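Undergrad: A single structure is presented below for examination.
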Amino acid sequence: MKKYILVVDDEADIRDLLAQYLTSNGYRVTTVATAVEAAQAVKQERPDLVISDLQLEDSDGLDMIAHLKETLPDTPMMLLTGVLFDSDVIQNTLSKIVSCYLPKTSSLSEVLANVQRLLAR
Amino acid sequence: MKDHFLRLVLGFFLVISAVLVFVAVLAVRNIDRTMATSDWVNQTHAIILEVEGAFSSSVAGDGALRTFVLTGTARDQAACREALSNSADHLEVTKALTRNAPAQREQVLRLESLLTKQADLARAVMAARQVGSAEALRALEAAAAEPGISDIRRVVEKITSDEMALLAERDTASYRQAQTTRWTVWTGVVVQFLFLAGVAWLIRDDRAARQRVAATLREANEKLELRVRERTAELATSNERLATENLERRWSIQALEHQVHYNQLIINSINDSVFVLTKSLNISRVNPAVSHLTGWEPTELINLPLSRIVQLLPDPAAGAVPLTDPVARALKEGHDLRHRAATIEDKRGARKHVRFTLFPLRDRDKVVGGVAILEEMPLAPTPATSAPSPVRN
């Protein structure tokens, strides 16, 4: 059965590109724009992976991830954002909240490699 | 090739048909001849039978005549007449049978002559017997000098032997015809079989050639299909790769636009005036706070020297006025210049006091420009630092 990925991003172009790329690589993808929509999507079906932006229209991506973790404690969470963090911040702060941090300047193949790594756990 | 083959097969069938017609015509003709020969044989046997019948009747008539001469009874006379009549009947049949055969006809006429003389003699003897037996005997003796039974026998034997000789000759001819027919038919059959074998060989050869052509065509088609499949797979792979590359490119553009927009948002949201400078200290970009502070629009400031509107005040800590411009030196040496008192001239020509900080912009190890941040100062600087030192470039 295909792995199910939930993509949360306020930019429609980013959502479409990610969904198209991940679908063509054999995943089932649902995209939402806000934290509220993400919570509703999670209630309908538990994802195998959540990919979220940092800046959402109605919330902070890290906050949303923290909330989702309450219902999905074992689901890997990836932060994919245009905000660039220092390596110290990534190592000391972000790694405690998310399973993986990737800047949006990363290539899609890097995104895919990390998705495969997280889903292989 | 196909037309040539068809012409060849058609030619063979024409030859086979011609041979068939020839054999059939020959066979029919020989059958007709055989039937004619059979008729003739029957006729010959009939002639022989009739001639011998005539001779037998003649002998019987002669015997009956002599008996009548001795007895003088009416019964013997009637027997003589009946025998001679039978002989005449056989002769008539013989004449009819030899009507179209001139050679036999001559012999039959001779027989007729002899039988007629015998009949005349018998009539004469029977007439003499009416007178008396002595008269009859004299007439009989006189008849002995005339041609009699022995002559008739010779003629009959001649006719019979001639007919038998002809019969033997025609039997030989008939046998030869039968042999010829047999040979013709068998030769025709053999030739037909040879021609049919030739046609079969041609068809087999043509079929093998067609099978070879079909196999070659099939092989070529299979190769072509394989090539098409390979090419289609290559195109599909290539298309997939292009689609992925296209997605990657769109993703990169999107990420860059997002990054630029985000950076711009950060700069524009800073409350202090920010000037992005080239290495020559010309203004390349300003944030909205600059317009707010000075009234200059960004388009009016771009490419202007920073010194046109910003002047550093002498540093009280440094004591003497520096020989080289501190901003240019900081960029050249690649170090920060922090919290220096300065003034900025607004669009109306009034000067405002600000705190000046400069950070060199580094691209790897190379300084490519700088960022100047001007923090508005609510109070005027001390008199000692009131003489401004223009930022040079």
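Each chain in the structure tokens gets a letter, A, B, ..., in the order shown, and its residues are numbered from 1; ligands are numbered from 1 in order too.
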Any idea which chain B residues end up within 8 Å of chain A if we count only C-alpha atoms, as JSON, numbers by chain please?

TA: {"B": [244, 247, 248, 250, 251, 252, 254, 255, 256, 258, 259, 262]}

Undergrad: Based on DSSP run over this structure's backbone, return all residues of chain A in helix (DSSP H, G or I), as a short mmCIF file (atom, residue, chain, number, x, y, z; two decimals) with all heavy atoms, in the first residue's frame.

TA:
data_model
loop_
_atom_site.label_atom_id
_atom_site.label_comp_id
_atom_site.auth_asym_id
_atom_site.auth_seq_id
_atom_site.Cartn_x
_atom_site.Cartn_y
_atom_site.Cartn_z
N ALA A 12 0.53 27.92 -2.57
CA ALA A 12 -0.11 26.90 -3.43
C ALA A 12 0.90 26.27 -4.40
O ALA A 12 0.87 25.05 -4.64
CB ALA A 12 -1.26 27.53 -4.21
N ASP A 13 1.80 27.09 -4.95
CA ASP A 13 2.78 26.56 -5.92
C ASP A 13 3.66 25.50 -5.27
O ASP A 13 3.97 24.46 -5.87
CB ASP A 13 3.65 27.69 -6.47
CG ASP A 13 2.84 28.59 -7.40
OD1 ASP A 13 1.78 28.13 -7.86
OD2 ASP A 13 3.27 29.73 -7.63
N ILE A 14 4.08 25.80 -4.03
CA ILE A 14 4.94 24.85 -3.31
C ILE A 14 4.17 23.54 -3.06
O ILE A 14 4.69 22.43 -3.27
CB ILE A 14 5.41 25.46 -1.97
CG1 ILE A 14 6.31 26.66 -2.23
CG2 ILE A 14 6.10 24.42 -1.10
CD1 ILE A 14 7.68 26.33 -2.73
N ARG A 15 2.93 23.69 -2.61
CA ARG A 15 2.09 22.50 -2.35
C ARG A 15 1.95 21.66 -3.61
O ARG A 15 2.13 20.43 -3.60
CB ARG A 15 0.70 22.92 -1.87
CG ARG A 15 0.65 23.48 -0.48
CD ARG A 15 -0.79 23.46 0.07
NE ARG A 15 -1.74 24.15 -0.75
CZ ARG A 15 -2.05 25.44 -0.68
NH1 ARG A 15 -1.44 26.19 0.22
NH2 ARG A 15 -2.96 25.97 -1.48
N ASP A 16 1.62 22.32 -4.73
CA ASP A 16 1.39 21.58 -5.99
C ASP A 16 2.66 20.87 -6.46
O ASP A 16 2.62 19.70 -6.86
CB ASP A 16 0.91 22.54 -7.09
CG ASP A 16 -0.48 23.08 -6.78
OD1 ASP A 16 -1.14 22.49 -5.90
OD2 ASP A 16 -0.87 24.08 -7.40
N LEU A 17 3.77 21.59 -6.39
CA LEU A 17 5.03 20.98 -6.86
C LEU A 17 5.40 19.76 -6.02
O LEU A 17 5.76 18.70 -6.55
CB LEU A 17 6.17 22.01 -6.77
CG LEU A 17 6.26 22.98 -7.94
CD1 LEU A 17 7.25 24.09 -7.61
CD2 LEU A 17 6.72 22.25 -9.19
N LEU A 18 5.27 19.92 -4.70
CA LEU A 18 5.62 18.81 -3.82
C LEU A 18 4.70 17.61 -4.05
O LEU A 18 5.15 16.46 -4.13
CB LEU A 18 5.50 19.26 -2.35
CG LEU A 18 6.80 19.66 -1.65
CD1 LEU A 18 6.50 20.03 -0.22
CD2 LEU A 18 7.83 18.54 -1.70
N ALA A 19 3.40 17.91 -4.17
CA ALA A 19 2.43 16.82 -4.37
C ALA A 19 2.71 16.09 -5.68
O ALA A 19 2.71 14.85 -5.74
CB ALA A 19 1.01 17.39 -4.37
N GLN A 20 2.98 16.86 -6.72
CA GLN A 20 3.25 16.26 -8.04
C GLN A 20 4.50 15.37 -7.98
O GLN A 20 4.50 14.24 -8.48
CB GLN A 20 3.45 17.40 -9.05
CG GLN A 20 3.32 16.97 -10.49
CD GLN A 20 3.45 18.17 -11.42
OE1 GLN A 20 3.25 19.31 -11.03
NE2 GLN A 20 3.78 17.89 -12.66
N TYR A 21 5.53 15.90 -7.35
CA TYR A 21 6.80 15.16 -7.31
C TYR A 21 6.67 13.89 -6.45
O TYR A 21 7.10 12.80 -6.87
CB TYR A 21 7.88 16.07 -6.74
CG TYR A 21 9.26 15.45 -6.79
CD1 TYR A 21 9.92 15.28 -8.00
CD2 TYR A 21 9.90 15.05 -5.63
CE1 TYR A 21 11.17 14.72 -8.05
CE2 TYR A 21 11.15 14.48 -5.67
CZ TYR A 21 11.79 14.32 -6.88
OH TYR A 21 13.04 13.76 -6.93
N LEU A 22 6.07 14.03 -5.30
CA LEU A 22 5.96 12.86 -4.41
C LEU A 22 5.00 11.82 -4.99
O LEU A 22 5.25 10.61 -4.88
CB LEU A 22 5.50 13.30 -3.02
CG LEU A 22 6.51 14.16 -2.25
CD1 LEU A 22 5.90 14.71 -0.97
CD2 LEU A 22 7.76 13.35 -1.92
N THR A 23 3.92 12.28 -5.63
CA THR A 23 2.99 11.33 -6.25
C THR A 23 3.67 10.56 -7.37
O THR A 23 3.49 9.35 -7.50
CB THR A 23 1.76 12.10 -6.82
OG1 THR A 23 1.17 12.84 -5.76
CG2 THR A 23 0.74 11.14 -7.39
N SER A 24 4.47 11.28 -8.17
CA SER A 24 5.16 10.59 -9.27
C SER A 24 6.20 9.61 -8.75
O SER A 24 6.66 8.73 -9.48
CB SER A 24 5.82 11.60 -10.21
OG SER A 24 6.88 12.23 -9.54
N ALA A 35 -2.98 25.30 9.53
CA ALA A 35 -2.87 24.34 10.64
C ALA A 35 -4.23 23.71 10.95
O ALA A 35 -4.31 22.52 11.30
CB ALA A 35 -2.34 25.05 11.89
N VAL A 36 -5.30 24.50 10.80
CA VAL A 36 -6.64 23.97 11.07
C VAL A 36 -6.97 22.86 10.08
O VAL A 36 -7.46 21.78 10.45
CB VAL A 36 -7.69 25.12 10.98
CG1 VAL A 36 -9.11 24.56 11.08
CG2 VAL A 36 -7.44 26.14 12.07
N GLU A 37 -6.70 23.12 8.80
CA GLU A 37 -6.95 22.10 7.77
C GLU A 37 -6.09 20.86 8.04
O GLU A 37 -6.54 19.72 7.81
CB GLU A 37 -6.63 22.65 6.38
CG GLU A 37 -7.65 23.67 5.90
CD GLU A 37 -7.23 24.33 4.59
OE1 GLU A 37 -6.12 24.04 4.10
OE2 GLU A 37 -8.01 25.13 4.07
N ALA A 38 -4.87 21.09 8.51
CA ALA A 38 -3.98 19.95 8.81
C ALA A 38 -4.59 19.09 9.91
O ALA A 38 -4.58 17.85 9.83
CB ALA A 38 -2.61 20.45 9.20
N ALA A 39 -5.12 19.75 10.96
CA ALA A 39 -5.72 19.00 12.07
C ALA A 39 -6.91 18.17 11.58
O ALA A 39 -7.09 17.00 11.96
CB ALA A 39 -6.16 19.96 13.17
N GLN A 40 -7.72 18.79 10.69
CA GLN A 40 -8.88 18.06 10.14
C GLN A 40 -8.42 16.86 9.29
O GLN A 40 -8.99 15.77 9.36
CB GLN A 40 -9.72 19.01 9.28
CG GLN A 40 -10.48 20.03 10.12
CD GLN A 40 -11.11 21.12 9.26
OE1 GLN A 40 -10.83 21.20 8.07
NE2 GLN A 40 -11.94 21.95 9.88
N ALA A 41 -7.37 17.09 8.48
CA ALA A 41 -6.87 16.01 7.60
C ALA A 41 -6.34 14.85 8.43
O ALA A 41 -6.55 13.67 8.09
CB ALA A 41 -5.78 16.55 6.68
N VAL A 42 -5.69 15.16 9.52
CA VAL A 42 -5.13 14.12 10.39
C VAL A 42 -6.24 13.30 11.03
O VAL A 42 -6.13 12.08 11.21
CB VAL A 42 -4.20 14.75 11.45
CG1 VAL A 42 -3.90 13.78 12.56
CG2 VAL A 42 -2.92 15.21 10.80
N LYS A 43 -7.36 13.98 11.35
CA LYS A 43 -8.48 13.26 11.95
C LYS A 43 -9.08 12.27 10.94
O LYS A 43 -9.52 11.18 11.31
CB LYS A 43 -9.56 14.25 12.40
CG LYS A 43 -9.26 14.90 13.73
CD LYS A 43 -10.36 15.87 14.11
CE LYS A 43 -9.96 16.68 15.33
NZ LYS A 43 -10.91 17.78 15.57
N GLN A 44 -9.12 12.67 9.69
CA GLN A 44 -9.70 11.80 8.65
C GLN A 44 -8.82 10.58 8.39
O GLN A 44 -9.30 9.47 8.24
CB GLN A 44 -9.90 12.58 7.35
CG GLN A 44 -11.08 13.53 7.42
CD GLN A 44 -11.26 14.32 6.14
OE1 GLN A 44 -10.48 14.17 5.21
NE2 GLN A 44 -12.29 15.14 6.09
N GLY A 61 4.51 26.80 12.09
CA GLY A 61 4.68 25.39 11.72
C GLY A 61 5.16 24.54 12.88
O GLY A 61 4.73 23.41 13.07
N LEU A 62 6.06 25.11 13.68
CA LEU A 62 6.59 24.35 14.82
C LEU A 62 5.51 24.11 15.87
O LEU A 62 5.43 23.04 16.46
CB LEU A 62 7.80 25.07 15.42
CG LEU A 62 9.06 25.05 14.55
CD1 LEU A 62 10.15 25.93 15.16
CD2 LEU A 62 9.58 23.62 14.38
N ASP A 63 4.67 25.14 16.08
CA ASP A 63 3.55 24.98 17.01
C ASP A 63 2.60 23.88 16.53
O ASP A 63 2.15 23.03 17.31
CB ASP A 63 2.75 26.30 17.11
CG ASP A 63 3.31 27.16 18.23
OD1 ASP A 63 4.23 26.68 18.93
OD2 ASP A 63 2.83 28.29 18.37
N MET A 64 2.31 23.95 15.23
CA MET A 64 1.38 22.97 14.67
C MET A 64 1.95 21.56 14.82
O MET A 64 1.24 20.62 15.19
CB MET A 64 1.14 23.28 13.19
CG MET A 64 0.12 22.38 12.54
SD MET A 64 0.30 22.31 10.77
CE MET A 64 1.77 21.34 10.63
N ILE A 65 3.24 21.44 14.56
CA ILE A 65 3.87 20.12 14.69
C ILE A 65 3.78 19.62 16.13
O ILE A 65 3.49 18.45 16.39
CB ILE A 65 5.34 20.19 14.19
CG1 ILE A 65 5.34 20.28 12.65
CG2 ILE A 65 6.14 18.99 14.66
CD1 ILE A 65 6.70 20.54 12.05
N ALA A 66 4.00 20.55 17.06
CA ALA A 66 3.91 20.17 18.48
C ALA A 66 2.51 19.64 18.81
O ALA A 66 2.36 18.65 19.52
CB ALA A 66 4.26 21.37 19.35
N HIS A 67 1.49 20.34 18.25
CA HIS A 67 0.12 19.88 18.49
C HIS A 67 -0.15 18.53 17.83
O HIS A 67 -0.77 17.64 18.42
CB HIS A 67 -0.89 20.91 17.96
CG HIS A 67 -1.09 22.05 18.91
ND1 HIS A 67 -0.60 23.32 18.65
CD2 HIS A 67 -1.69 22.12 20.13
CE1 HIS A 67 -0.91 24.11 19.66
NE2 HIS A 67 -1.57 23.41 20.59
N LEU A 68 0.31 18.38 16.61
CA LEU A 68 0.08 17.12 15.89
C LEU A 68 0.75 15.95 16.61
O LEU A 68 0.26 14.83 16.59
CB LEU A 68 0.60 17.20 14.45
CG LEU A 68 -0.19 18.09 13.48
CD1 LEU A 68 0.44 18.06 12.09
CD2 LEU A 68 -1.64 17.62 13.38
N LYS A 69 1.88 16.25 17.22
CA LYS A 69 2.62 15.17 17.90
C LYS A 69 1.84 14.56 19.06
O LYS A 69 2.09 13.43 19.46
CB LYS A 69 3.97 15.69 18.40
CG LYS A 69 5.05 15.63 17.33
CD LYS A 69 6.41 15.72 17.95
CE LYS A 69 7.45 15.15 17.02
NZ LYS A 69 8.75 15.07 17.65
N GLU A 70 0.89 15.36 19.57
CA GLU A 70 0.09 14.82 20.67
C GLU A 70 -0.77 13.65 20.19
O GLU A 70 -0.99 12.68 20.90
CB GLU A 70 -0.81 15.92 21.24
CG GLU A 70 -0.01 17.00 21.97
CD GLU A 70 -0.89 18.18 22.36
OE1 GLU A 70 -2.12 18.08 22.20
OE2 GLU A 70 -0.33 19.20 22.80
N THR A 71 -1.26 13.77 18.94
CA THR A 71 -2.08 12.67 18.39
C THR A 71 -1.26 11.71 17.54
O THR A 71 -1.67 10.57 17.33
CB THR A 71 -3.23 13.22 17.54
OG1 THR A 71 -2.70 14.16 16.60
CG2 THR A 71 -4.27 13.91 18.39
N SER A 87 23.37 25.95 11.95
CA SER A 87 23.49 24.53 12.27
C SER A 87 23.32 24.28 13.77
O SER A 87 22.78 23.26 14.18
CB SER A 87 24.85 23.99 11.79
OG SER A 87 25.87 24.75 12.37
N ASP A 88 23.75 25.27 14.58
CA ASP A 88 23.59 25.11 16.04
C ASP A 88 22.11 25.07 16.41
O ASP A 88 21.68 24.25 17.23
CB ASP A 88 24.25 26.29 16.77
CG ASP A 88 25.76 26.17 16.69
OD1 ASP A 88 26.23 25.06 16.32
OD2 ASP A 88 26.45 27.16 16.97
N VAL A 89 21.35 25.95 15.78
CA VAL A 89 19.91 26.00 16.06
C VAL A 89 19.26 24.69 15.63
O VAL A 89 18.41 24.13 16.33
CB VAL A 89 19.27 27.21 15.33
CG1 VAL A 89 17.76 27.22 15.53
CG2 VAL A 89 19.90 28.50 15.80
N ILE A 90 19.67 24.22 14.44
CA ILE A 90 19.09 22.97 13.94
C ILE A 90 19.37 21.83 14.91
O ILE A 90 18.49 21.07 15.28
CB ILE A 90 19.67 22.64 12.55
CG1 ILE A 90 19.26 23.72 11.53
CG2 ILE A 90 19.18 21.27 12.06
CD1 ILE A 90 20.03 23.68 10.25
N GLN A 91 20.65 21.78 15.33
CA GLN A 91 21.07 20.65 16.16
C GLN A 91 20.50 20.72 17.57
O GLN A 91 20.06 19.71 18.13
CB GLN A 91 22.60 20.63 16.20
CG GLN A 91 23.15 19.31 16.68
CD GLN A 91 24.65 19.23 16.50
OE1 GLN A 91 25.26 20.08 15.85
NE2 GLN A 91 25.25 18.21 17.05
N ASN A 92 20.46 21.93 18.12
CA ASN A 92 20.09 22.05 19.54
C ASN A 92 18.60 22.28 19.76
O ASN A 92 18.08 21.91 20.81
CB ASN A 92 20.88 23.19 20.19
CG ASN A 92 22.37 22.90 20.16
OD1 ASN A 92 22.78 21.74 20.26
ND2 ASN A 92 23.17 23.92 19.97
N THR A 93 17.95 22.92 18.81
CA THR A 93 16.55 23.28 19.03
C THR A 93 15.59 22.49 18.15
O THR A 93 14.69 21.79 18.62
CB THR A 93 16.35 24.79 18.78
OG1 THR A 93 17.33 25.50 19.51
CG2 THR A 93 14.96 25.23 19.17
N LEU A 94 15.81 22.61 16.83
CA LEU A 94 14.84 22.01 15.89
C LEU A 94 14.81 20.50 15.99
O LEU A 94 13.75 19.88 15.86
CB LEU A 94 15.16 22.43 14.45
CG LEU A 94 14.96 23.91 14.13
CD1 LEU A 94 15.30 24.18 12.67
CD2 LEU A 94 13.53 24.34 14.40
N SER A 95 15.94 19.88 16.21
CA SER A 95 15.99 18.41 16.23
C SER A 95 15.15 17.82 17.35
O SER A 95 14.77 16.65 17.29
CB SER A 95 17.44 17.93 16.34
OG SER A 95 17.97 18.37 17.56
N LYS A 96 14.85 18.66 18.37
CA LYS A 96 14.02 18.16 19.46
C LYS A 96 12.54 18.20 19.10
O LYS A 96 11.71 17.54 19.73
CB LYS A 96 14.25 19.01 20.73
CG LYS A 96 15.66 18.84 21.29
CD LYS A 96 15.92 19.81 22.40
CE LYS A 96 17.37 19.68 22.87
NZ LYS A 96 17.76 20.78 23.75
N ILE A 97 12.20 19.02 18.07
CA ILE A 97 10.79 19.18 17.71
C ILE A 97 10.44 18.38 16.45
O ILE A 97 9.40 17.73 16.38
CB ILE A 97 10.47 20.67 17.48
CG1 ILE A 97 10.89 21.48 18.72
CG2 ILE A 97 8.99 20.88 17.19
CD1 ILE A 97 10.88 22.97 18.53
N LEU A 108 14.60 18.89 -4.95
CA LEU A 108 13.51 17.93 -4.72
C LEU A 108 14.07 16.53 -4.45
O LEU A 108 13.48 15.76 -3.70
CB LEU A 108 12.58 17.90 -5.94
CG LEU A 108 11.57 19.05 -6.02
CD1 LEU A 108 10.85 19.02 -7.36
CD2 LEU A 108 10.56 18.98 -4.89
N SER A 109 15.19 16.21 -5.12
CA SER A 109 15.76 14.87 -4.91
C SER A 109 16.25 14.73 -3.46
O SER A 109 16.15 13.66 -2.87
CB SER A 109 16.90 14.60 -5.89
OG SER A 109 17.84 15.61 -5.81
N GLU A 110 16.75 15.84 -2.88
CA GLU A 110 17.14 15.80 -1.46
C GLU A 110 15.90 15.62 -0.58
O GLU A 110 15.93 14.87 0.41
CB GLU A 110 17.85 17.10 -1.07
CG GLU A 110 19.28 17.20 -1.55
CD GLU A 110 19.91 18.53 -1.14
OE1 GLU A 110 20.32 18.65 0.02
OE2 GLU A 110 19.95 19.44 -1.99
N VAL A 111 14.84 16.32 -0.95
CA VAL A 111 13.59 16.18 -0.19
C VAL A 111 13.14 14.72 -0.23
O VAL A 111 12.80 14.11 0.78
CB VAL A 111 12.49 17.10 -0.77
CG1 VAL A 111 11.15 16.84 -0.07
CG2 VAL A 111 12.89 18.56 -0.61
N LEU A 112 13.18 14.14 -1.48
CA LEU A 112 12.74 12.75 -1.65
C LEU A 112 13.61 11.80 -0.83
O LEU A 112 13.10 10.87 -0.19
CB LEU A 112 12.79 12.38 -3.15
CG LEU A 112 12.39 10.95 -3.47
CD1 LEU A 112 10.91 10.72 -3.15
CD2 LEU A 112 12.66 10.62 -4.93
N ALA A 113 14.92 12.03 -0.86
CA ALA A 113 15.84 11.15 -0.12
C ALA A 113 15.49 11.16 1.38
O ALA A 113 15.48 10.11 2.04
CB ALA A 113 17.28 11.59 -0.34
N ASN A 114 15.20 12.35 1.90
CA ASN A 114 14.84 12.44 3.33
C ASN A 114 13.48 11.83 3.62
O ASN A 114 13.28 11.23 4.68
CB ASN A 114 14.90 13.90 3.77
CG ASN A 114 16.33 14.34 4.04
OD1 ASN A 114 16.92 14.03 5.07
ND2 ASN A 114 16.91 15.02 3.06
N VAL A 115 12.54 11.99 2.68
CA VAL A 115 11.22 11.36 2.84
C VAL A 115 11.39 9.84 2.91
O VAL A 115 10.82 9.16 3.78
CB VAL A 115 10.28 11.75 1.66
CG1 VAL A 115 9.06 10.84 1.62
CG2 VAL A 115 9.86 13.20 1.80
N GLN A 116 12.19 9.30 1.98
CA GLN A 116 12.42 7.85 1.95
C GLN A 116 13.09 7.38 3.24
O GLN A 116 12.75 6.34 3.80
CB GLN A 116 13.28 7.48 0.73
CG GLN A 116 12.52 7.61 -0.58
CD GLN A 116 13.40 7.52 -1.79
OE1 GLN A 116 14.61 7.76 -1.71
NE2 GLN A 116 12.81 7.20 -2.93
N ARG A 117 14.03 8.21 3.72
CA ARG A 117 14.74 7.84 4.95
C ARG A 117 13.78 7.81 6.14
O ARG A 117 13.77 6.87 6.93
CB ARG A 117 15.88 8.86 5.20
CG ARG A 117 16.68 8.62 6.45
CD ARG A 117 17.82 9.62 6.56
NE ARG A 117 17.37 11.00 6.61
CZ ARG A 117 16.88 11.60 7.69
NH1 ARG A 117 16.78 10.95 8.83
NH2 ARG A 117 16.50 12.87 7.64
N LEU A 118 12.94 8.84 6.22
CA LEU A 118 12.02 8.92 7.36
C LEU A 118 10.97 7.80 7.32
O LEU A 118 10.60 7.24 8.35
CB LEU A 118 11.32 10.29 7.37
CG LEU A 118 12.21 11.48 7.69
CD1 LEU A 118 11.46 12.77 7.49
CD2 LEU A 118 12.72 11.39 9.13
N LEU A 119 10.49 7.48 6.11
CA LEU A 119 9.45 6.45 5.99
C LEU A 119 10.01 5.03 6.12
O LEU A 119 9.26 4.08 6.32
CB LEU A 119 8.72 6.60 4.65
CG LEU A 119 7.81 7.83 4.56
CD1 LEU A 119 7.26 7.99 3.16
CD2 LEU A 119 6.67 7.71 5.56
#

Undergrad: Which one of A:Ala33, A:Arg121, A:Val98, A:Asp9 sits closest to Ser52 (chain A) if you count only C-alpha atoms?

TA: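 Closest to Ser52 (chain A), using only C-alpha atoms: A:Asp9.
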
Undergrad: Report, in Å to a single decimal, how far apart CA of Arg285 (chain B) and CA of Ile302 (chain B) are.

TA: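 Atom-to-atom, CA of Ile302 (chain B) to CA of Arg285 (chain B), that is 6.3 Å.
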
Undergrad: Name the closest residue to Ser59 (chain A) among the candidates A:Tyr4, A:Ser99, A:Phe85, A:Thr34; distances are taken between atoms, counting only C-alpha atoms.

TA: A:Thr34

Undergrad: Using only C-alpha atoms, which protein or nucleic acid residues come within 9 Å of Met164 (chain B)? Drop anything in the same chain fewer than 5 positions from it, and give the result as an NGL selection string.

TA: :B and (44-45 or 48 or 159 or 169)

Undergrad: Against region 74-80 of chain A, which residues of region 40-60 of chain A fall within 9 Å? For each one I want the closest pair of atoms and the distance in Å (one decimal), counting only C-alpha atoms, rows by chain and increasing residue number, as a Markdown table.

TA:
| residue | atom | partner | partner_atom | distance |
| --- | --- | --- | --- | --- |
| A:Arg46 | CA | A:Thr75 | CA | 8.7 |
| A:Pro47 | CA | A:Thr75 | CA | 7.4 |
| A:Asp48 | CA | A:Thr75 | CA | 5.9 |
| A:Leu49 | CA | A:Pro76 | CA | 5.3 |
| A:Val50 | CA | A:Met77 | CA | 4.8 |
| A:Ile51 | CA | A:Met78 | CA | 4.7 |
| A:Ser52 | CA | A:Leu79 | CA | 5.1 |
| A:Asp53 | CA | A:Leu80 | CA | 5.1 |
| A:Leu54 | CA | A:Leu79 | CA | 6.8 |

Undergrad: Please write the residues from the selection above to a file, keeping C-alpha atoms, as a PDB file, in the first residue's frame.

TA:
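For reference, out-v7.pdb as written:
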ATOM      1  CA  ARG A  46      -3.378   9.279   9.975  1.00  0.00           C
ATOM      2  CA  PRO A  47      -0.434  10.203   7.733  1.00  0.00           C
ATOM      3  CA  ASP A  48       2.811   8.259   7.593  1.00  0.00           C
ATOM      4  CA  LEU A  49       4.719  11.543   7.318  1.00  0.00           C
ATOM      5  CA  VAL A  50       3.960  15.258   7.796  1.00  0.00           C
ATOM      6  CA  ILE A  51       5.876  17.865   5.808  1.00  0.00           C
ATOM      7  CA  SER A  52       5.246  21.407   7.031  1.00  0.00           C
ATOM      8  CA  ASP A  53       6.365  24.949   6.304  1.00  0.00           C
ATOM      9  CA  LEU A  54       7.358  27.183   9.212  1.00  0.00           C
TER      10      LEU A  54
END

Undergrad: Between CA of Ser133 (chain B) and CA of Leu65 (chain B), what distance in Å does the model show, to one decimal?

TA: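 Computing the Euclidean distance for CA of Ser133 (chain B) and CA of Leu65 (chain B) yields 12.2 Å.
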